[in-house]
file upload_10.tsv (TSV, C-alpha atoms)
chain	number	residue	atom	x	y	z
A	1	MET	CA	23.37	37.75	-32.24
A	2	ILE	CA	23.31	37.99	-28.48
A	3	PRO	CA	22.34	41.39	-27.06
A	4	PRO	CA	25.00	42.93	-24.79
A	5	SER	CA	22.55	43.24	-21.92
A	6	TYR	CA	22.63	39.46	-21.46
A	7	PHE	CA	26.34	39.67	-20.79
A	8	ILE	CA	25.89	42.58	-18.42
A	9	VAL	CA	23.27	40.69	-16.42
A	10	LEU	CA	25.57	37.67	-16.27
A	11	SER	CA	28.46	39.78	-15.02
A	12	LEU	CA	26.17	41.36	-12.43
A	13	ILE	CA	25.18	37.93	-11.14
A	14	LEU	CA	28.80	36.79	-11.06
A	15	PHE	CA	29.87	39.92	-9.17
A	16	VAL	CA	27.20	39.43	-6.52
A	17	LEU	CA	28.10	35.74	-6.22
A	18	GLY	CA	31.71	36.77	-5.67
A	19	ILE	CA	30.59	39.06	-2.87
A	20	VAL	CA	28.53	36.24	-1.33
A	21	VAL	CA	31.52	33.90	-1.40
A	22	PHE	CA	33.67	36.65	0.12
A	23	PHE	CA	31.29	37.13	3.03
A	24	VAL	CA	30.34	33.51	3.62
A	25	LYS	CA	33.76	31.89	3.57
A	26	ARG	CA	36.15	32.22	6.48
A	27	ASP	CA	39.50	31.16	5.11
A	28	LEU	CA	41.75	33.70	3.45
A	29	ILE	CA	42.44	31.70	0.29
A	30	THR	CA	38.81	31.23	-0.72
A	31	MET	CA	38.10	34.88	0.06
A	32	PHE	CA	40.96	35.82	-2.23
A	33	MET	CA	39.49	33.61	-4.96
A	34	ALA	CA	36.20	35.48	-4.54
A	35	VAL	CA	38.05	38.72	-5.30
A	36	GLU	CA	39.28	37.15	-8.53
A	37	VAL	CA	35.68	36.23	-9.43
A	38	MET	CA	34.64	39.86	-8.94
A	39	LEU	CA	37.52	41.09	-11.14
A	40	ASN	CA	36.41	38.69	-13.85
A	41	ALA	CA	32.82	39.87	-13.68
A	42	ALA	CA	34.05	43.42	-14.23
A	43	ASN	CA	36.14	42.20	-17.18
A	44	LEU	CA	33.06	40.65	-18.75
A	45	THR	CA	31.26	44.00	-18.58
A	46	PHE	CA	34.22	45.75	-20.17
A	47	ILE	CA	34.33	43.32	-23.09
A	48	ALA	CA	30.56	43.34	-23.60
A	49	LEU	CA	30.54	47.14	-23.75
A	50	ALA	CA	33.60	47.17	-26.01
A	51	LYS	CA	31.64	45.08	-28.44
A	52	ALA	CA	28.46	47.10	-28.04
A	53	SER	CA	30.23	50.37	-28.80
A	54	ALA	CA	32.63	48.88	-31.39
A	55	ASN	CA	35.59	50.27	-29.50
A	56	LEU	CA	38.73	48.26	-28.86
A	57	SER	CA	39.74	50.23	-25.75
A	58	GLY	CA	37.59	48.05	-23.51
A	59	GLN	CA	39.66	45.02	-24.44
A	60	VAL	CA	42.89	46.88	-23.71
A	61	ILE	CA	41.56	47.73	-20.24
A	62	VAL	CA	40.77	44.06	-19.66
A	63	PHE	CA	44.30	43.17	-20.67
A	64	PHE	CA	45.64	45.57	-18.04
A	65	VAL	CA	43.21	44.26	-15.43
A	66	ILE	CA	44.43	40.72	-16.03
A	67	THR	CA	48.09	41.69	-15.68
A	68	VAL	CA	47.42	43.67	-12.51
A	69	ALA	CA	45.40	40.74	-11.14
A	70	ALA	CA	48.36	38.45	-11.75
A	71	ALA	CA	50.66	40.79	-9.81
A	72	GLU	CA	48.07	41.13	-7.07
A	73	ALA	CA	47.67	37.36	-6.79
A	74	ALA	CA	51.43	36.90	-6.41
A	75	VAL	CA	51.74	39.49	-3.65
A	76	GLY	CA	48.51	38.44	-1.92
A	77	LEU	CA	49.45	34.78	-1.82
A	78	ALA	CA	52.89	35.69	-0.46
A	79	ILE	CA	51.15	37.63	2.32
A	80	ILE	CA	48.86	34.67	3.02
A	81	MET	CA	51.88	32.39	3.28
A	82	LEU	CA	53.47	34.84	5.71
A	83	VAL	CA	50.32	34.97	7.84
A	84	PHE	CA	50.11	31.19	7.85
A	85	ARG	CA	53.73	30.91	8.94
A	86	GLN	CA	53.15	33.26	11.87
A	87	ARG	CA	49.71	32.18	13.06
A	88	ASN	CA	49.55	28.62	11.75
A	89	SER	CA	46.04	29.29	10.46
A	90	VAL	CA	44.31	30.96	7.55
A	91	LEU	CA	40.97	31.60	9.28
A	92	VAL	CA	39.92	35.22	9.50
A	93	GLU	CA	38.68	34.86	13.09
A	94	GLU	CA	42.22	34.15	14.27
A	95	MET	CA	43.44	37.50	12.95
A	96	ARG	CA	42.28	39.99	15.51
A	97	SER	CA	45.43	41.78	16.54
A	98	MET	CA	47.33	44.14	14.32
A	99	LYS	CA	50.77	43.37	15.74
A	100	GLY	CA	52.40	40.32	14.23
B	1	MET	CA	23.67	28.73	-31.97
B	2	GLY	CA	25.46	31.60	-30.26
B	3	VAL	CA	22.67	31.94	-27.74
B	4	VAL	CA	22.88	28.24	-26.86
B	5	ILE	CA	26.64	28.52	-26.29
B	6	PHE	CA	26.09	31.65	-24.22
B	7	PHE	CA	23.59	29.98	-21.94
B	8	LEU	CA	25.72	26.85	-21.60
B	9	LEU	CA	28.84	28.83	-20.67
B	10	SER	CA	27.03	31.19	-18.33
B	11	LEU	CA	25.34	28.25	-16.60
B	12	LEU	CA	28.75	26.62	-16.19
B	13	SER	CA	30.38	29.73	-14.74
B	14	VAL	CA	27.52	30.67	-12.40
B	15	GLY	CA	27.11	27.05	-11.29
B	16	SER	CA	30.77	26.61	-10.45
B	17	VAL	CA	30.89	29.86	-8.48
B	18	LEU	CA	27.70	28.80	-6.66
B	19	ALA	CA	29.26	25.44	-5.83
B	20	MET	CA	32.19	27.32	-4.23
B	21	ILE	CA	29.80	28.51	-1.53
B	22	PHE	CA	28.87	25.01	-0.45
B	23	ILE	CA	32.13	23.10	-0.87
B	24	LYS	CA	34.55	23.39	2.01
B	25	ASN	CA	37.68	21.92	0.42
B	26	GLN	CA	39.89	24.73	-0.87
B	27	ALA	CA	41.52	22.64	-3.59
B	28	TYR	CA	38.11	21.77	-5.03
B	29	ASN	CA	37.21	25.44	-4.86
B	30	ALA	CA	40.30	26.32	-6.87
B	31	LEU	CA	39.44	23.71	-9.52
B	32	LEU	CA	35.86	25.00	-9.72
B	33	LEU	CA	37.26	28.47	-10.20
B	34	VAL	CA	39.39	27.19	-13.08
B	35	LEU	CA	36.19	25.89	-14.67
B	36	ALA	CA	34.51	29.27	-14.18
B	37	PHE	CA	37.48	31.11	-15.72
B	38	VAL	CA	37.62	28.80	-18.72
B	39	SER	CA	33.92	29.29	-19.41
B	40	LEU	CA	34.39	33.06	-19.04
B	41	GLY	CA	37.17	32.77	-21.59
B	42	GLY	CA	34.69	31.12	-23.92
B	43	LEU	CA	32.30	34.01	-23.38
B	44	PHE	CA	35.08	36.45	-24.27
B	45	GLY	CA	35.60	34.52	-27.47
B	46	LEU	CA	31.89	34.82	-28.14
B	47	LEU	CA	32.24	38.59	-27.82
B	48	ASP	CA	34.76	38.96	-30.65
B	49	ALA	CA	37.75	39.08	-28.33
B	50	PRO	CA	39.86	36.03	-29.21
B	51	PHE	CA	43.11	37.49	-27.90
B	52	VAL	CA	41.64	38.39	-24.53
B	53	ALA	CA	40.05	34.93	-24.38
B	54	ALA	CA	43.44	33.32	-24.91
B	55	VAL	CA	45.04	35.58	-22.30
B	56	GLN	CA	42.23	34.78	-19.88
B	57	ILE	CA	42.77	31.04	-20.22
B	58	LEU	CA	46.58	31.22	-20.20
B	59	ILE	CA	47.02	33.67	-17.34
B	60	TYR	CA	43.94	33.18	-15.18
B	61	ALA	CA	43.11	29.51	-15.59
B	62	GLY	CA	46.75	28.63	-16.06
B	63	ALA	CA	49.15	30.79	-14.10
B	64	ILE	CA	47.09	32.35	-11.32
B	65	MET	CA	45.16	29.25	-10.39
B	66	VAL	CA	48.30	27.11	-10.39
B	67	LEU	CA	49.76	29.63	-7.96
B	68	PHE	CA	46.64	29.25	-5.79
B	69	LEU	CA	46.92	25.47	-5.89
B	70	PHE	CA	50.59	25.61	-4.91
B	71	VAL	CA	49.80	27.78	-1.91
B	72	ILE	CA	46.92	25.48	-0.90
B	73	MET	CA	49.26	22.50	-1.06
B	74	MET	CA	51.94	24.32	0.95
B	75	ILE	CA	49.48	25.35	3.64
B	76	ASN	CA	48.12	21.80	3.89
B	77	LEU	CA	45.26	22.06	6.38
B	78	LYS	CA	45.11	18.47	7.57
B	79	HIS	CA	42.26	18.77	10.02
B	80	GLY	CA	40.08	20.78	7.63
B	81	LEU	CA	38.05	23.78	8.63
B	82	ALA	CA	35.94	23.81	11.77
B	83	ALA	CA	32.16	23.93	11.54
B	84	GLU	CA	30.49	27.28	11.04
B	85	LYS	CA	30.24	29.11	14.32
B	86	LYS	CA	28.49	32.27	13.29
B	87	LYS	CA	25.34	31.60	11.35
B	88	HIS	CA	24.19	35.22	11.41
B	89	ALA	CA	27.21	36.35	9.38
B	90	PHE	CA	26.09	33.97	6.65
B	91	ILE	CA	22.53	35.33	6.68
B	92	ILE	CA	23.62	38.98	6.77
B	93	GLY	CA	25.99	38.35	3.89
B	94	ILE	CA	23.25	36.77	1.78
B	95	VAL	CA	20.78	39.58	2.54
B	96	LEU	CA	23.27	42.34	1.76
B	97	ALA	CA	24.27	40.61	-1.46
B	98	ALA	CA	20.61	40.32	-2.46
B	99	PHE	CA	20.20	44.07	-1.91
B	100	LEU	CA	23.26	44.78	-4.01
B	101	LEU	CA	21.93	42.54	-6.76
B	102	LEU	CA	18.64	44.44	-6.72
B	103	GLU	CA	20.43	47.78	-6.84
B	104	LEU	CA	22.73	46.78	-9.67
B	105	PHE	CA	19.80	45.33	-11.57
B	106	LEU	CA	17.87	48.60	-11.26
B	107	ALA	CA	20.94	50.56	-12.37
B	108	TRP	CA	21.30	48.29	-15.37
B	109	LYS	CA	17.60	48.73	-16.20
B	110	ARG	CA	17.97	52.50	-16.22
B	111	ALA	CA	21.36	52.90	-17.82
B	112	PHE	CA	21.72	50.25	-20.47
B	113	SER	CA	18.42	50.37	-22.27
B	114	SER	CA	20.00	52.47	-25.01
B	115	ILE	CA	22.67	50.04	-26.21
B	116	GLU	CA	20.46	47.27	-27.48
B	117	ARG	CA	21.85	47.47	-30.98
B	118	PRO	CA	24.74	45.04	-31.43
B	119	THR	CA	27.27	46.14	-34.00
B	120	LYS	CA	28.00	44.04	-37.01
B	121	GLU	CA	31.66	44.79	-37.62
B	122	ALA	CA	34.19	42.38	-36.18
B	123	LEU	CA	36.90	43.73	-33.89
B	124	GLY	CA	39.49	42.52	-31.50
B	125	GLY	CA	42.08	40.62	-33.48
B	126	PRO	CA	45.54	40.57	-31.92
B	127	ALA	CA	46.87	43.04	-34.50
B	128	GLY	CA	44.45	45.85	-33.69
B	129	LEU	CA	44.80	45.26	-29.99
B	130	GLY	CA	48.58	45.32	-30.19
B	131	ARG	CA	48.58	48.50	-32.25
B	132	LEU	CA	46.37	50.21	-29.68
B	133	LEU	CA	48.49	48.87	-26.83
B	134	PHE	CA	51.71	50.28	-28.26
B	135	THR	CA	50.36	53.66	-29.35
B	136	ASP	CA	47.57	55.07	-27.21
B	137	TYR	CA	48.24	52.97	-24.14
B	138	LEU	CA	52.04	52.91	-24.28
B	139	TYR	CA	52.56	54.68	-20.94
B	140	ALA	CA	50.10	52.38	-19.20
B	141	PHE	CA	51.88	49.40	-20.73
B	142	GLU	CA	55.29	50.52	-19.47
B	143	ILE	CA	53.93	51.33	-16.03
B	144	THR	CA	52.37	47.87	-15.90
B	145	SER	CA	55.74	46.30	-16.54
B	146	ILE	CA	57.22	48.30	-13.65
B	147	LEU	CA	54.31	47.14	-11.50
B	148	ILE	CA	54.99	43.52	-12.37
B	149	ILE	CA	58.68	43.89	-11.48
B	150	ALA	CA	57.66	45.45	-8.16
B	151	ALA	CA	55.22	42.62	-7.46
B	152	LEU	CA	57.89	40.05	-8.31
B	153	VAL	CA	60.43	41.58	-5.97
B	154	GLY	CA	57.80	42.13	-3.28
B	155	SER	CA	56.56	38.58	-3.30
B	156	ILE	CA	60.09	37.20	-3.19
B	157	VAL	CA	60.95	39.43	-0.24
B	158	LEU	CA	57.71	38.51	1.55
B	159	GLY	CA	58.06	34.81	0.91
B	160	LYS	CA	61.67	34.57	2.05
B	161	LYS	CA	62.26	32.73	5.31
B	162	LYS	CA	63.81	34.97	7.93
B	163	GLY	CA	66.91	34.25	9.96
B	164	ARG	CA	68.67	31.82	7.69
B	165	GLU	CA	71.21	34.08	6.01

call {"tool": "encode", "arguments": {"input": "upload_10.tsv", "output": "structure tokens"}}
result
Amino acid sequence: MIPPSYFIVLSLILFVLGIVVFFVKRDLITMFMAVEVMLNAANLTFIALAKASANLSGQVIVFFVITVAAAEAAVGLAIIMLVFRQRNSVLVEEMRSMKG
Amino acid sequence: MGVVIFFLLSLLSVGSVLAMIFIKNQAYNALLLVLAFVSLGGLFGLLDAPFVAAVQILIYAGAIMVLFLFVIMMINLKHGLAAEKKKHAFIIGIVLAAFLLLELFLAWKRAFSSIERPTKEALGGPAGLGRLLFTDYLYAFEITSILIIAALVGSIVLGKKKGRE
């Protein structure tokens, strides 16, 4: 039997690694992937605590998080495509002006 | 046995996210992320959540990452990314992340010392989850479907090429 704190420590490490990737990388796509890593780390905490408290609601929340992440990925990638079409680049340094 | 699987899967997920920091190619990054998501799905299965594990692998490792790969192929950066110009951003990012790790670790130390008793009863079959989803969380479920329709329409409108009607 694995104690739930192992899972919580793992999700903590994954969350911080997601933040590191978000800050270190400079292209929009990899930064967006880092956001997905952070969402998954949060999901892991939800499921670990759902098991620890013997409550199924945590798993339902994870289900909703996954569906919302799918919608978010679709819209976010469409925006990235739009930015690439206008600027011909996906680097964050090239995006300094607010007007398209 | 469970502990061995846990450490194997967590090593796989943490290692593939770590490798994302050092590999520049976006397509490789996406494939590494697929590996991380699959091993996280295995961890979900280890936590008595087989349905969520299946959804994780189908939707995350399948649908979302295929979408990422399609966009990477459409963008097609031939020349690759330029060398890092700002080294200090890298260092500041690492330092801030280390502080956050410390903070979260302290919070975990304080808050979660009381739940060290794993429960014995199994939970999380698809039947129980579905019953909960269609009774207590019915409104959230319906609102999520509206959200997905909105995202569908929004991404089609955003992705459409202008001026070719």

call {"tool": "residues_around", "arguments": {"input": "upload_10.tsv", "residues": "Phe22 (chain B)", "least_positions_apart": "6", "cutoff": "10 Å", "atoms": "all atoms listed in the file", "output": "list in words"}}
result
Val21, Val24 and Lys25 of chain A; Asn29 of chain B

call {"tool": "write_last_selection", "arguments": {"input": "upload_10.tsv", "atoms": "C-alpha atoms", "output": "compact mmCIF listing (two decimals), keeping the file's coordinate frame"}}
result
# COMPACT_ATOMS: atom_id res chain seq x y z
CA VAL A 21 31.52 33.90 -1.40
CA VAL A 24 30.34 33.51 3.62
CA LYS A 25 33.76 31.89 3.57
CA ASN B 29 37.21 25.44 -4.86

call {"tool": "residues_near_point", "arguments": {"input": "upload_10.tsv", "point": "(49.0, 25.5, -0.7)", "cutoff": "12 Å", "atoms": "only C-alpha atoms", "output": "number ranges by chain"}}
result
A: 28-30, 77-78, 80-81, 84, 90; B: 25-27, 30, 65-78

call {"tool": "write_last_selection", "arguments": {"input": "upload_10.tsv", "atoms": "C-alpha atoms", "output": "short mmCIF file (atom, residue, chain, number, x, y, z; two decimals), in the coordinates of the input"}}
result
data_model
loop_
_atom_site.label_atom_id
_atom_site.label_comp_id
_atom_site.auth_asym_id
_atom_site.auth_seq_id
_atom_site.Cartn_x
_atom_site.Cartn_y
_atom_site.Cartn_z
CA LEU A 28 41.75 33.70 3.45
CA ILE A 29 42.44 31.70 0.29
CA THR A 30 38.81 31.23 -0.72
CA LEU A 77 49.45 34.78 -1.82
CA ALA A 78 52.89 35.69 -0.46
CA ILE A 80 48.86 34.67 3.02
CA MET A 81 51.88 32.39 3.28
CA PHE A 84 50.11 31.19 7.85
CA VAL A 90 44.31 30.96 7.55
CA ASN B 25 37.68 21.92 0.42
CA GLN B 26 39.89 24.73 -0.87
CA ALA B 27 41.52 22.64 -3.59
CA ALA B 30 40.30 26.32 -6.87
CA MET B 65 45.16 29.25 -10.39
CA VAL B 66 48.30 27.11 -10.39
CA LEU B 67 49.76 29.63 -7.96
CA PHE B 68 46.64 29.25 -5.79
CA LEU B 69 46.92 25.47 -5.89
CA PHE B 70 50.59 25.61 -4.91
CA VAL B 71 49.80 27.78 -1.91
CA ILE B 72 46.92 25.48 -0.90
CA MET B 73 49.26 22.50 -1.06
CA MET B 74 51.94 24.32 0.95
CA ILE B 75 49.48 25.35 3.64
CA ASN B 76 48.12 21.80 3.89
CA LEU B 77 45.26 22.06 6.38
CA LYS B 78 45.11 18.47 7.57
#

call {"tool": "interface_residues", "arguments": {"input": "upload_10.tsv", "of": "chain B", "to": "chain A", "cutoff": "6 Å", "atoms": "all atoms listed in the file", "output": "list in words"}}
result
Ile21, Phe90, Gly93, Ala97, Pro118, Ile148, Ala151, Ser155, Leu158 and Gly159 of chain B

call {"tool": "residues_around", "arguments": {"input": "upload_10.tsv", "residues": "Val55 (chain B)", "least_positions_apart": "2", "cutoff": "12 Å", "atoms": "only C-alpha atoms", "output": "short mmCIF file (atom, residue, chain, number, x, y, z; two decimals) with C-alpha atoms, in the frame of the given file"}}
result
data_model
loop_
_atom_site.label_atom_id
_atom_site.label_comp_id
_atom_site.auth_asym_id
_atom_site.auth_seq_id
_atom_site.Cartn_x
_atom_site.Cartn_y
_atom_site.Cartn_z
CA GLN A 59 39.66 45.02 -24.44
CA VAL A 60 42.89 46.88 -23.71
CA VAL A 62 40.77 44.06 -19.66
CA PHE A 63 44.30 43.17 -20.67
CA PHE A 64 45.64 45.57 -18.04
CA VAL A 65 43.21 44.26 -15.43
CA ILE A 66 44.43 40.72 -16.03
CA THR A 67 48.09 41.69 -15.68
CA ALA A 70 48.36 38.45 -11.75
CA PHE B 37 37.48 31.11 -15.72
CA VAL B 38 37.62 28.80 -18.72
CA LEU B 40 34.39 33.06 -19.04
CA GLY B 41 37.17 32.77 -21.59
CA GLY B 42 34.69 31.12 -23.92
CA PHE B 44 35.08 36.45 -24.27
CA GLY B 45 35.60 34.52 -27.47
CA ALA B 49 37.75 39.08 -28.33
CA PRO B 50 39.86 36.03 -29.21
CA PHE B 51 43.11 37.49 -27.90
CA VAL B 52 41.64 38.39 -24.53
CA ALA B 53 40.05 34.93 -24.38
CA ILE B 57 42.77 31.04 -20.22
CA LEU B 58 46.58 31.22 -20.20
CA ILE B 59 47.02 33.67 -17.34
CA TYR B 60 43.94 33.18 -15.18
CA ALA B 61 43.11 29.51 -15.59
CA GLY B 62 46.75 28.63 -16.06
CA ALA B 63 49.15 30.79 -14.10
CA ILE B 64 47.09 32.35 -11.32
CA PRO B 126 45.54 40.57 -31.92
#

call {"tool": "axis_aligned_box", "arguments": {"input": "upload_10.tsv", "around": "region 69-74 of chain A", "padding_each_side": "6 Å", "output": "JSON"}}
result
{"center_x": 48.4, "center_y": 39.0, "center_z": -9.1, "size_x": 18.0, "size_y": 16.2, "size_z": 17.3}

call {"tool": "atom_distance", "arguments": {"input": "upload_10.tsv", "atom1": "CA of Met31 (chain A)", "atom2": "CA of Ala19 (chain B)"}}
result
14.2 Å

call {"tool": "atom_distance", "arguments": {"input": "upload_10.tsv", "atom1": "CA of Gly154 (chain B)", "atom2": "CA of Gln86 (chain A)"}}
result
18.2 Å

call {"tool": "atom_distance", "arguments": {"input": "upload_10.tsv", "atom1": "CA of Lys87 (chain B)", "atom2": "CA of Leu101 (chain B)"}}
result
21.4 Å
